[in-house]
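So this one's input_3.csv, CSV, C-alpha atoms and all ligand atoms:
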```
chain,number,residue,atom,x,y,z
A,25,MET,CA,79.5,97.1,110.6
A,26,ILE,CA,83.1,97.2,109.3
A,27,THR,CA,84.3,93.8,108.2
A,28,LYS,CA,86.9,94.7,105.6
A,29,ALA,CA,90.5,95.9,106.1
A,30,VAL,CA,93.2,97.1,103.7
A,31,ILE,CA,96.8,96.5,104.6
A,32,PRO,CA,99.2,98.6,102.4
A,33,ALA,CA,102.5,96.6,102.2
A,34,ALA,CA,104.0,97.6,98.9
A,35,GLY,CA,106.5,100.3,99.9
A,36,PHE,CA,110.2,99.9,99.1
A,37,GLY,CA,111.3,100.1,102.7
A,38,THR,CA,114.4,102.2,101.8
A,39,ARG,CA,115.1,102.9,105.5
A,40,PHE,CA,115.8,99.3,106.0
A,41,LEU,CA,118.2,98.4,103.2
A,42,PRO,CA,119.9,96.1,102.5
A,43,ALA,CA,117.5,93.8,104.4
A,44,THR,CA,114.6,95.0,102.2
A,45,LYS,CA,116.4,94.6,98.8
A,46,ALA,CA,114.8,91.2,98.1
A,47,SER,CA,112.5,90.6,101.0
A,48,PRO,CA,109.6,92.7,102.3
A,49,LYS,CA,110.1,94.7,105.5
A,50,GLU,CA,106.7,93.4,106.6
A,51,MET,CA,108.3,89.9,106.8
A,52,LEU,CA,110.9,91.1,109.3
A,53,PRO,CA,110.5,89.0,112.5
A,54,ILE,CA,109.6,90.4,115.9
A,55,VAL,CA,110.8,87.6,118.1
A,56,ASP,CA,109.7,84.7,115.8
A,57,THR,CA,106.7,86.1,114.0
A,58,PRO,CA,106.7,88.4,111.0
A,59,VAL,CA,105.4,91.9,111.5
A,60,ILE,CA,102.6,91.4,109.0
A,61,GLN,CA,101.2,88.5,111.0
A,62,TYR,CA,100.8,90.7,114.1
A,63,VAL,CA,99.0,93.3,111.9
A,64,VAL,CA,96.6,90.7,110.5
A,65,GLU,CA,96.0,89.3,114.0
A,66,GLU,CA,95.1,92.8,115.2
A,67,ALA,CA,92.6,93.2,112.3
A,68,VAL,CA,91.0,89.8,113.1
A,69,ALA,CA,90.9,90.6,116.9
A,70,SER,CA,89.1,93.8,115.9
A,71,GLY,CA,86.3,92.0,114.1
A,72,ILE,CA,87.7,92.1,110.5
A,73,THR,CA,87.0,89.0,108.4
A,74,ASP,CA,88.1,90.1,105.0
A,75,ILE,CA,91.6,91.6,104.3
A,76,LEU,CA,93.1,93.0,101.2
A,77,MET,CA,96.8,93.3,101.2
A,78,VAL,CA,98.4,95.8,98.8
A,79,ILE,CA,101.7,94.3,97.6
A,80,GLY,CA,104.4,95.1,95.0
A,81,LYS,CA,107.5,93.7,93.5
A,82,GLY,CA,109.5,91.3,95.7
A,83,LYS,CA,106.5,90.8,98.1
A,84,ARG,CA,105.4,87.3,97.1
A,85,THR,CA,106.6,85.8,100.4
A,86,LEU,CA,103.7,87.7,102.0
A,87,GLU,CA,101.3,85.6,99.9
A,88,GLU,CA,103.2,82.5,100.7
A,89,HIS,CA,103.1,83.2,104.4
A,90,PHE,CA,99.3,83.3,104.6
A,91,ASP,CA,98.9,80.3,102.2
A,92,ARG,CA,98.8,76.7,103.3
A,93,SER,CA,102.1,74.8,103.1
A,94,PHE,CA,101.1,71.1,102.7
A,95,GLU,CA,104.7,69.9,102.6
A,96,LEU,CA,105.7,71.6,105.8
A,97,GLU,CA,102.5,70.4,107.5
A,98,LEU,CA,103.2,66.8,106.4
A,99,GLU,CA,106.8,67.1,107.7
A,100,LEU,CA,105.8,68.5,111.1
A,101,GLU,CA,103.1,65.8,111.4
A,102,ALA,CA,105.6,63.0,110.6
A,103,LYS,CA,108.0,64.3,113.2
A,104,GLY,CA,105.3,64.7,115.8
A,105,LYS,CA,105.8,68.5,116.1
A,106,LEU,CA,102.2,69.0,116.8
A,107,LYS,CA,102.5,72.4,118.5
A,108,GLU,CA,104.3,73.9,115.5
A,109,LEU,CA,101.8,72.2,113.2
A,110,GLU,CA,98.9,73.9,115.0
A,111,LYS,CA,100.7,77.3,114.7
A,112,ILE,CA,101.3,76.9,111.0
A,113,ARG,CA,97.7,75.8,110.3
A,114,ALA,CA,96.3,78.7,112.3
A,115,ILE,CA,98.0,81.3,110.1
A,116,SER,CA,96.1,80.2,106.9
A,117,LYS,CA,92.8,80.2,108.8
A,118,LEU,CA,93.1,83.7,110.2
A,119,ALA,CA,90.9,85.5,107.7
A,120,ASN,CA,90.0,85.7,104.0
A,121,ILE,CA,93.1,87.4,102.7
A,122,HIS,CA,93.3,88.7,99.1
A,123,PHE,CA,96.2,90.4,97.3
A,124,VAL,CA,96.3,93.3,94.9
A,125,TRP,CA,99.3,94.8,93.2
A,126,GLN,CA,100.3,98.4,93.3
A,127,ARG,CA,102.1,98.8,90.0
A,128,GLU,CA,104.1,101.9,90.9
A,129,MET,CA,105.0,103.0,94.4
A,130,LEU,CA,103.2,106.3,94.2
A,131,GLY,CA,102.6,106.6,97.9
A,132,LEU,CA,100.2,105.5,100.6
A,133,GLY,CA,97.2,107.3,99.1
A,134,ASP,CA,97.8,105.5,95.9
A,135,ALA,CA,98.2,102.1,97.7
A,136,ILE,CA,94.8,102.6,99.4
A,137,ARG,CA,93.3,103.5,96.0
A,138,CYS,CA,94.2,100.0,94.8
A,139,ALA,CA,91.5,98.7,97.2
A,140,ARG,CA,88.7,100.7,95.5
A,141,HIS,CA,86.9,97.7,93.8
A,142,HIS,CA,87.5,95.4,96.7
A,143,VAL,CA,85.9,97.5,99.4
A,144,GLY,CA,82.9,98.6,97.4
A,145,ASN,CA,80.4,100.8,99.1
A,146,GLN,CA,81.3,100.1,102.8
A,147,PRO,CA,83.6,101.8,105.3
A,148,PHE,CA,86.8,100.0,105.8
A,149,ALA,CA,89.8,99.9,108.2
A,150,VAL,CA,93.4,100.6,107.1
A,151,LEU,CA,96.4,99.1,109.0
A,152,LEU,CA,99.9,100.0,107.8
A,153,GLY,CA,101.7,96.7,107.3
A,154,ASP,CA,105.0,97.8,108.8
A,155,THR,CA,103.7,99.2,112.1
A,156,LEU,CA,102.6,97.4,115.3
A,157,MET,CA,100.2,98.9,117.7
A,158,GLN,CA,100.7,97.2,121.1
A,159,SER,CA,97.4,97.7,122.9
A,160,GLN,CA,97.7,99.1,126.4
A,161,SER,CA,94.0,98.5,127.3
A,162,GLY,CA,93.4,95.0,126.0
A,163,VAL,CA,91.3,96.4,123.1
A,164,PRO,CA,93.1,96.3,119.8
A,165,ALA,CA,93.9,99.8,118.4
A,166,THR,CA,91.9,99.2,115.2
A,167,ARG,CA,88.9,98.2,117.3
A,168,GLN,CA,89.2,101.4,119.4
A,169,ILE,CA,88.8,103.6,116.2
A,170,MET,CA,86.1,101.3,114.8
A,171,GLU,CA,84.1,102.1,117.9
A,172,VAL,CA,84.5,105.9,117.3
A,173,HIS,CA,83.2,105.3,113.8
A,174,ASP,CA,80.2,103.5,115.3
A,175,ARG,CA,79.5,106.6,117.4
A,176,PHE,CA,80.1,109.4,114.9
A,177,GLY,CA,80.3,107.8,111.4
A,178,GLY,CA,82.7,109.3,108.8
A,179,CYS,CA,86.5,108.8,108.8
A,180,VAL,CA,88.5,108.2,111.9
A,181,VAL,CA,92.3,108.3,112.5
A,182,ALA,CA,94.3,106.8,115.3
A,183,LEU,CA,96.3,109.5,117.1
A,184,GLU,CA,99.4,109.5,119.3
A,185,GLU,CA,101.2,112.4,121.0
A,186,VAL,CA,104.7,112.9,119.7
A,187,PRO,CA,107.4,115.3,120.9
A,188,LEU,CA,107.3,118.5,118.8
A,189,ASP,CA,110.8,117.9,117.3
A,190,ARG,CA,109.5,114.7,115.7
A,191,VAL,CA,106.2,116.0,114.1
A,192,SER,CA,107.9,116.3,110.7
A,193,ARG,CA,107.8,112.5,110.3
A,194,TYR,CA,104.0,112.3,110.5
A,195,GLY,CA,100.7,113.6,109.5
A,196,VAL,CA,99.5,116.0,112.2
A,197,ILE,CA,96.0,117.2,113.1
A,198,ARG,CA,94.3,120.4,114.2
A,199,GLY,CA,91.3,119.5,116.2
A,200,GLU,CA,89.1,120.0,119.2
A,201,LEU,CA,88.9,117.6,122.1
A,202,ILE,CA,85.3,116.4,122.5
A,203,ASP,CA,85.8,113.8,125.2
A,204,GLU,CA,88.6,112.2,127.1
A,205,ARG,CA,90.4,110.9,123.9
A,206,THR,CA,88.3,111.8,121.0
A,207,TYR,CA,89.0,114.9,118.7
A,208,ARG,CA,86.9,116.5,116.0
A,209,VAL,CA,89.5,117.0,113.3
A,210,ASP,CA,89.4,120.3,111.5
A,211,ASP,CA,92.6,120.0,109.5
A,212,LEU,CA,95.6,117.8,108.8
A,213,ILE,CA,99.1,118.5,107.6
A,214,GLU,CA,101.6,116.0,106.3
A,215,LYS,CA,105.1,116.2,107.7
A,216,PRO,CA,104.9,119.8,109.1
A,217,THR,CA,108.0,121.6,110.5
A,218,PRO,CA,107.6,122.1,114.3
A,219,ALA,CA,106.7,125.7,113.6
A,220,GLU,CA,104.0,124.7,111.1
A,221,ALA,CA,102.5,121.9,113.3
A,222,PRO,CA,99.1,122.8,114.6
A,223,SER,CA,99.5,120.2,117.5
A,224,ASN,CA,101.7,117.3,118.5
A,225,LEU,CA,98.9,114.8,117.7
A,226,ALA,CA,100.2,112.5,114.9
A,227,VAL,CA,98.2,110.1,112.8
A,228,ALA,CA,99.3,106.7,114.0
A,229,SER,CA,99.1,104.1,111.2
A,230,ARG,CA,95.4,103.0,111.7
A,231,TYR,CA,92.4,104.5,109.9
A,232,VAL,CA,88.7,104.0,109.3
A,233,LEU,CA,87.9,105.4,105.9
A,234,THR,CA,84.6,105.8,104.1
A,235,PRO,CA,84.4,105.0,100.3
A,236,ASP,CA,84.0,108.7,99.4
A,237,ILE,CA,87.8,109.0,100.1
A,238,PHE,CA,88.6,107.5,96.7
A,239,SER,CA,87.4,110.5,94.8
A,240,TYR,CA,89.6,112.8,97.1
A,241,ILE,CA,92.6,110.5,96.5
A,242,ASP,CA,92.0,110.9,92.7
A,243,ALA,CA,91.9,114.7,93.1
A,244,VAL,CA,95.0,115.3,95.2
A,245,LYS,CA,98.3,116.1,93.5
A,246,PRO,CA,101.5,114.4,94.6
A,247,GLY,CA,102.6,116.1,97.9
A,248,LYS,CA,105.6,115.7,100.3
A,249,GLY,CA,108.2,113.3,98.8
A,250,GLY,CA,106.3,113.4,95.4
A,251,GLU,CA,103.9,110.8,96.8
A,252,ILE,CA,100.1,110.7,96.8
A,253,GLN,CA,99.5,111.2,100.5
A,254,ILE,CA,96.4,109.9,102.2
A,255,THR,CA,96.7,112.9,104.6
A,256,ASP,CA,96.2,115.3,101.7
A,257,ALA,CA,93.1,113.4,100.6
A,258,LEU,CA,91.7,113.5,104.1
A,259,ARG,CA,92.5,117.2,104.4
A,260,MET,CA,90.6,117.9,101.2
A,261,ARG,CA,87.7,115.8,102.4
A,262,THR,CA,87.6,117.6,105.7
A,263,ALA,CA,87.8,121.0,104.0
A,264,ALA,CA,84.6,119.9,102.1
A,265,HIS,CA,82.9,119.7,105.6
A,266,HIS,CA,82.8,115.9,105.8
A,267,PRO,CA,83.1,114.9,109.5
A,268,MET,CA,86.3,113.3,110.7
A,269,HIS,CA,87.4,112.3,114.1
A,270,GLY,CA,90.7,111.3,115.7
A,271,TYR,CA,91.1,109.1,118.7
A,272,ARG,CA,94.2,109.1,121.0
A,273,VAL,CA,94.5,105.3,121.0
A,274,GLN,CA,95.5,103.4,124.1
A,275,ALA,CA,98.3,101.6,122.3
A,276,ARG,CA,102.0,102.0,121.8
A,277,ARG,CA,103.2,102.4,118.2
A,278,HIS,CA,106.2,100.4,116.9
A,279,ASP,CA,107.3,101.5,113.4
A,280,VAL,CA,109.3,98.5,112.4
A,281,GLY,CA,110.4,100.0,109.1
A,282,ASN,CA,113.0,102.0,111.0
A,283,THR,CA,116.0,100.2,112.2
A,284,LEU,CA,116.3,101.5,115.8
A,285,ASP,CA,112.6,100.9,116.4
A,286,PHE,CA,112.9,97.4,115.0
A,287,ILE,CA,115.5,96.5,117.6
A,288,LYS,CA,113.6,98.2,120.4
A,289,THR,CA,110.4,96.4,119.4
A,290,ASN,CA,112.2,93.0,119.4
A,291,ILE,CA,113.3,93.7,123.0
A,292,VAL,CA,109.9,94.9,124.1
A,293,TYR,CA,108.1,91.9,122.6
A,294,GLY,CA,110.9,89.5,123.8
A,295,LEU,CA,110.5,90.8,127.3
A,296,ALA,CA,106.7,90.1,127.0
A,297,ARG,CA,107.3,86.5,126.2
A,298,GLU,CA,107.5,84.1,129.2
A,299,ASP,CA,109.8,81.7,127.4
A,300,ILE,CA,112.4,84.3,126.5
A,301,ALA,CA,112.0,87.1,129.1
A,302,PRO,CA,114.3,85.8,131.9
A,303,ALA,CA,117.3,85.1,129.7
A,304,LEU,CA,116.8,88.2,127.6
A,305,GLY,CA,116.4,90.4,130.8
A,306,GLU,CA,119.6,88.9,132.2
A,307,PHE,CA,121.5,89.5,129.0
A,308,ILE,CA,120.4,93.1,128.9
A,309,ARG,CA,121.5,93.6,132.5
A,310,GLU,CA,124.8,91.9,131.7
A,311,ILE,CA,125.7,94.1,128.7
A,312,SER,CA,124.5,97.3,130.4
A,313,ARG,CA,126.9,96.9,133.4
A,314,PRO,CA,129.6,99.5,133.3
A,401,LIG,P1,106.4,104.2,104.5
A,401,LIG,O1,106.1,105.6,104.6
A,401,LIG,O2,107.0,103.5,105.6
A,401,LIG,O3,107.2,104.0,103.1
A,401,LIG,O4,105.0,103.4,104.2
A,401,LIG,P2,108.1,102.9,102.5
A,401,LIG,O5,108.4,103.4,101.1
A,401,LIG,O6,107.6,101.5,102.6
A,401,LIG,O7,109.4,103.0,103.5
A,401,LIG,P3,110.7,103.9,103.4
A,401,LIG,O8,110.4,105.2,103.9
A,401,LIG,O9,111.2,103.8,101.9
A,401,LIG,O10,111.7,103.2,104.3
A,401,LIG,C1,104.0,103.1,105.2
A,401,LIG,C2,103.3,101.9,104.7
A,401,LIG,O11,102.6,102.2,103.4
A,401,LIG,C3,103.1,101.2,102.5
A,401,LIG,C4,104.3,100.6,103.0
A,401,LIG,O12,104.5,99.3,102.6
A,401,LIG,C5,104.1,100.7,104.5
A,401,LIG,O13,103.5,99.5,105.0
A,401,LIG,N1,103.2,101.9,101.2
A,401,LIG,C6,103.9,103.0,101.1
A,401,LIG,C7,102.7,101.3,100.0
A,401,LIG,O14,102.0,100.2,100.1
A,401,LIG,N2,102.8,101.9,98.8
A,401,LIG,C8,103.5,103.0,98.7
A,401,LIG,O15,103.7,103.5,97.5
A,401,LIG,C9,104.1,103.6,99.8
```
Just give me the structure of the file as structure tokens.
Amino acid sequence: MITKAVIPAAGFGTRFLPATKASPKEMLPIVDTPVIQYVVEEAVASGITDILMVIGKGKRTLEEHFDRSFELELELEAKGKLKELEKIRAISKLANIHFVWQREMLGLGDAIRCARHHVGNQPFAVLLGDTLMQSQSGVPATRQIMEVHDRFGGCVVALEEVPLDRVSRYGVIRGELIDERTYRVDDLIEKPTPAEAPSNLAVASRYVLTPDIFSYIDAVKPGKGGEIQITDALRMRTAAHHPMHGYRVQARRHDVGNTLDFIKTNIVYGLAREDIAPALGEFIREISRP
């Protein structure tokens, strides 16, 4: 049973400067809640009880967000703001959350490697800290791939179909469909050109990894962008005939680390909120009128 998750959240977030100069992109709010809280809530709703967050310079607010704030709690209590008090207390009770530092931003593979001692000898989930997966089935995206791990063992990646002209932003798989949404993965390529891409199935920010992955991360050389890529480690592991599956998740990906998606995500989540939807919908209609 998978109970541990790793959330890499140490990246520089250069696509979101200047907002990310002194504060983490994972703390950007979607409506009124930081991205990272949605990610932690998805992990918890998937059955995870123990979370390791990989952080770096300028990311202390992530620790503070999940810690108790006694002064704020006293203030809210004194003012009778009990609903807010409840919300604030709930955050620090979500899960056991630990933090580890990635000393140099050497890439996602390296960030995951920082979790080696924490995860020990058990399979674990990985959720990118800057990406929301909005479930379309009621089952959280991480839970969906954990269930594939329960069936087949080995590593599992969440997949989404992307237009061919956008494959070069992602890791892309070559695989064989074995049931409605599950693929046996035979190969992976990080950021291929459309001509190189073996499919339009992109790895979508959620993984289940087995601890043997660490020796492959150690073995890979820096790849695209000079970074240690988890895709390259998974590719090497697959080439060594270790089973790996992909699951086309029933979820919509929102990569909040890119500015246009951030704005779109706020609109999507705002329209899903009863208290905001009517006024926001009216505003959108108003500014869209010719
Ligand atoms: P991104 O690929 O979005 O990289 O990382 P980035 O460096 O944060 O952003 P840009 O491209 O400069 O705008 C995906 C996830 O992996 C984490 C990031 O924090 C993000 O959650 N990451 C990336 C690390 O933890 N360490 C790294 O060295 C790189």
Name each residue within 8 Å of ligand LIG 401 (chain A), counting all atoms listed in the file, as a ChimeraX atom specification. /A:31-40,49-50,78-80,126,128-136,152-155,229,251,281-282
Residue with smallest distance to Val68 of chain A - pool A:Met51, A:Leu151, A:Ala228, A:Val273, counting all atoms listed in the file: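 The shortest atom-to-atom distance to Val68 of chain A comes from A:Leu151.
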Sorted per-residue table, segment 243-299 of chain A near segment 230-238 of chain A, closest atoms and distance, 12 Å, only C-alpha atoms, as CSV:
```
residue,atom,partner,partner_atom,distance
A:Ala243,CA,A:Phe238,CA,8.7
A:Val244,CA,A:Phe238,CA,10.2
A:Ile252,CA,A:Phe238,CA,11.9
A:Gln253,CA,A:Ile237,CA,11.9
A:Ile254,CA,A:Ile237,CA,8.9
A:Thr255,CA,A:Ile237,CA,10.7
A:Asp256,CA,A:Ile237,CA,10.6
A:Ala257,CA,A:Ile237,CA,6.9
A:Leu258,CA,A:Ile237,CA,7.2
A:Arg259,CA,A:Ile237,CA,10.4
A:Met260,CA,A:Ile237,CA,9.4
A:Arg261,CA,A:Ile237,CA,7.2
A:Thr262,CA,A:Ile237,CA,10.3
A:Ala264,CA,A:Ile237,CA,11.5
A:His266,CA,A:Asp236,CA,9.7
A:Pro267,CA,A:Thr234,CA,10.7
A:Met268,CA,A:Leu233,CA,9.4
A:His269,CA,A:Val232,CA,9.7
A:Gly270,CA,A:Tyr231,CA,9.1
A:Tyr271,CA,A:Tyr231,CA,10.0
A:Arg272,CA,A:Arg230,CA,11.2
A:Val273,CA,A:Arg230,CA,9.6
A:Ala275,CA,A:Arg230,CA,11.1
A:Arg277,CA,A:Arg230,CA,10.2
```
Selection above as a file: C-alpha atoms, as a PDB file, in the coordinates of the input:
```pdb
ATOM      1  CA  ALA A 243      91.900 114.700  93.100  1.00  0.00           C
ATOM      2  CA  VAL A 244      95.000 115.300  95.200  1.00  0.00           C
ATOM      3  CA  ILE A 252     100.100 110.700  96.800  1.00  0.00           C
ATOM      4  CA  GLN A 253      99.500 111.200 100.500  1.00  0.00           C
ATOM      5  CA  ILE A 254      96.400 109.900 102.200  1.00  0.00           C
ATOM      6  CA  THR A 255      96.700 112.900 104.600  1.00  0.00           C
ATOM      7  CA  ASP A 256      96.200 115.300 101.700  1.00  0.00           C
ATOM      8  CA  ALA A 257      93.100 113.400 100.600  1.00  0.00           C
ATOM      9  CA  LEU A 258      91.700 113.500 104.100  1.00  0.00           C
ATOM     10  CA  ARG A 259      92.500 117.200 104.400  1.00  0.00           C
ATOM     11  CA  MET A 260      90.600 117.900 101.200  1.00  0.00           C
ATOM     12  CA  ARG A 261      87.700 115.800 102.400  1.00  0.00           C
ATOM     13  CA  THR A 262      87.600 117.600 105.700  1.00  0.00           C
ATOM     14  CA  ALA A 264      84.600 119.900 102.100  1.00  0.00           C
ATOM     15  CA  HIS A 266      82.800 115.900 105.800  1.00  0.00           C
ATOM     16  CA  PRO A 267      83.100 114.900 109.500  1.00  0.00           C
ATOM     17  CA  MET A 268      86.300 113.300 110.700  1.00  0.00           C
ATOM     18  CA  HIS A 269      87.400 112.300 114.100  1.00  0.00           C
ATOM     19  CA  GLY A 270      90.700 111.300 115.700  1.00  0.00           C
ATOM     20  CA  TYR A 271      91.100 109.100 118.700  1.00  0.00           C
ATOM     21  CA  ARG A 272      94.200 109.100 121.000  1.00  0.00           C
ATOM     22  CA  VAL A 273      94.500 105.300 121.000  1.00  0.00           C
ATOM     23  CA  ALA A 275      98.300 101.600 122.300  1.00  0.00           C
ATOM     24  CA  ARG A 277     103.200 102.400 118.200  1.00  0.00           C
TER      25      ARG A 277
END
```
Atom CA of Tyr293 of chain A and atom CA of Val55 of chain A are how many Å apart?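 These two atoms are separated by 6.8 Å.
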From (94.2, 92.7, 104.7), in the file's coordinates, out to 12 Å: which residues are reached, counting only C-alpha atoms? Answer as number ranges by chain. A: 27-33, 60-68, 72-79, 86-87, 90, 118-124, 136, 139, 142-143, 148-153
Selected residues written out with C-alpha atoms, as a compact mmCIF listing (two decimals), in the frame of the given file:
```
# COMPACT_ATOMS: atom_id res chain seq x y z
CA THR A 27 84.30 93.80 108.20
CA LYS A 28 86.90 94.70 105.60
CA ALA A 29 90.50 95.90 106.10
CA VAL A 30 93.20 97.10 103.70
CA ILE A 31 96.80 96.50 104.60
CA PRO A 32 99.20 98.60 102.40
CA ALA A 33 102.50 96.60 102.20
CA ILE A 60 102.60 91.40 109.00
CA GLN A 61 101.20 88.50 111.00
CA TYR A 62 100.80 90.70 114.10
CA VAL A 63 99.00 93.30 111.90
CA VAL A 64 96.60 90.70 110.50
CA GLU A 65 96.00 89.30 114.00
CA GLU A 66 95.10 92.80 115.20
CA ALA A 67 92.60 93.20 112.30
CA VAL A 68 91.00 89.80 113.10
CA ILE A 72 87.70 92.10 110.50
CA THR A 73 87.00 89.00 108.40
CA ASP A 74 88.10 90.10 105.00
CA ILE A 75 91.60 91.60 104.30
CA LEU A 76 93.10 93.00 101.20
CA MET A 77 96.80 93.30 101.20
CA VAL A 78 98.40 95.80 98.80
CA ILE A 79 101.70 94.30 97.60
CA LEU A 86 103.70 87.70 102.00
CA GLU A 87 101.30 85.60 99.90
CA PHE A 90 99.30 83.30 104.60
CA LEU A 118 93.10 83.70 110.20
CA ALA A 119 90.90 85.50 107.70
CA ASN A 120 90.00 85.70 104.00
CA ILE A 121 93.10 87.40 102.70
CA HIS A 122 93.30 88.70 99.10
CA PHE A 123 96.20 90.40 97.30
CA VAL A 124 96.30 93.30 94.90
CA ILE A 136 94.80 102.60 99.40
CA ALA A 139 91.50 98.70 97.20
CA HIS A 142 87.50 95.40 96.70
CA VAL A 143 85.90 97.50 99.40
CA PHE A 148 86.80 100.00 105.80
CA ALA A 149 89.80 99.90 108.20
CA VAL A 150 93.40 100.60 107.10
CA LEU A 151 96.40 99.10 109.00
CA LEU A 152 99.90 100.00 107.80
CA GLY A 153 101.70 96.70 107.30
```
Please write segment 258-271 of chain A of the preceding block to a file containing N, CA and C atoms, as a PDB file, in the first residue's frame?
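selection_35.pdb, written as the output of this step:
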```
ATOM      1  N   LEU A 258      13.434   7.024 -16.154  1.00  0.00           N
ATOM      2  CA  LEU A 258      12.373   6.041 -16.430  1.00  0.00           C
ATOM      3  C   LEU A 258      12.646   5.316 -17.746  1.00  0.00           C
ATOM      4  N   ARG A 259      13.203   6.045 -18.715  1.00  0.00           N
ATOM      5  CA  ARG A 259      13.521   5.441 -20.009  1.00  0.00           C
ATOM      6  C   ARG A 259      14.567   4.340 -19.824  1.00  0.00           C
ATOM      7  N   MET A 260      15.603   4.657 -19.038  1.00  0.00           N
ATOM      8  CA  MET A 260      16.682   3.696 -18.796  1.00  0.00           C
ATOM      9  C   MET A 260      16.139   2.467 -18.050  1.00  0.00           C
ATOM     10  N   ARG A 261      15.246   2.716 -17.104  1.00  0.00           N
ATOM     11  CA  ARG A 261      14.673   1.619 -16.324  1.00  0.00           C
ATOM     12  C   ARG A 261      13.811   0.720 -17.220  1.00  0.00           C
ATOM     13  N   THR A 262      13.050   1.356 -18.123  1.00  0.00           N
ATOM     14  CA  THR A 262      12.197   0.590 -19.040  1.00  0.00           C
ATOM     15  C   THR A 262      13.055  -0.239 -20.005  1.00  0.00           C
ATOM     16  N   ALA A 263      14.161   0.365 -20.463  1.00  0.00           N
ATOM     17  CA  ALA A 263      15.053  -0.351 -21.390  1.00  0.00           C
ATOM     18  C   ALA A 263      15.664  -1.575 -20.711  1.00  0.00           C
ATOM     19  N   ALA A 264      15.755  -1.542 -19.372  1.00  0.00           N
ATOM     20  CA  ALA A 264      16.284  -2.695 -18.623  1.00  0.00           C
ATOM     21  C   ALA A 264      15.168  -3.708 -18.314  1.00  0.00           C
ATOM     22  N   HIS A 265      14.040  -3.587 -19.055  1.00  0.00           N
ATOM     23  CA  HIS A 265      12.921  -4.537 -18.989  1.00  0.00           C
ATOM     24  C   HIS A 265      12.193  -4.543 -17.654  1.00  0.00           C
ATOM     25  N   HIS A 266      12.161  -3.393 -16.982  1.00  0.00           N
ATOM     26  CA  HIS A 266      11.313  -3.295 -15.789  1.00  0.00           C
ATOM     27  C   HIS A 266       9.960  -2.760 -16.234  1.00  0.00           C
ATOM     28  N   PRO A 267       8.874  -3.390 -15.776  1.00  0.00           N
ATOM     29  CA  PRO A 267       7.560  -2.992 -16.288  1.00  0.00           C
ATOM     30  C   PRO A 267       7.175  -1.567 -15.885  1.00  0.00           C
ATOM     31  N   MET A 268       6.507  -0.937 -16.813  1.00  0.00           N
ATOM     32  CA  MET A 268       6.006   0.399 -16.521  1.00  0.00           C
ATOM     33  C   MET A 268       4.688   0.586 -17.266  1.00  0.00           C
ATOM     34  N   HIS A 269       3.749   1.264 -16.624  1.00  0.00           N
ATOM     35  CA  HIS A 269       2.457   1.514 -17.249  1.00  0.00           C
ATOM     36  C   HIS A 269       2.135   3.004 -17.259  1.00  0.00           C
ATOM     37  N   GLY A 270       1.270   3.357 -18.167  1.00  0.00           N
ATOM     38  CA  GLY A 270       0.755   4.722 -18.216  1.00  0.00           C
ATOM     39  C   GLY A 270      -0.759   4.649 -18.149  1.00  0.00           C
ATOM     40  N   TYR A 271      -1.367   5.634 -17.554  1.00  0.00           N
ATOM     41  CA  TYR A 271      -2.825   5.629 -17.443  1.00  0.00           C
ATOM     42  C   TYR A 271      -3.344   6.993 -17.874  1.00  0.00           C
TER      43      TYR A 271
END
```
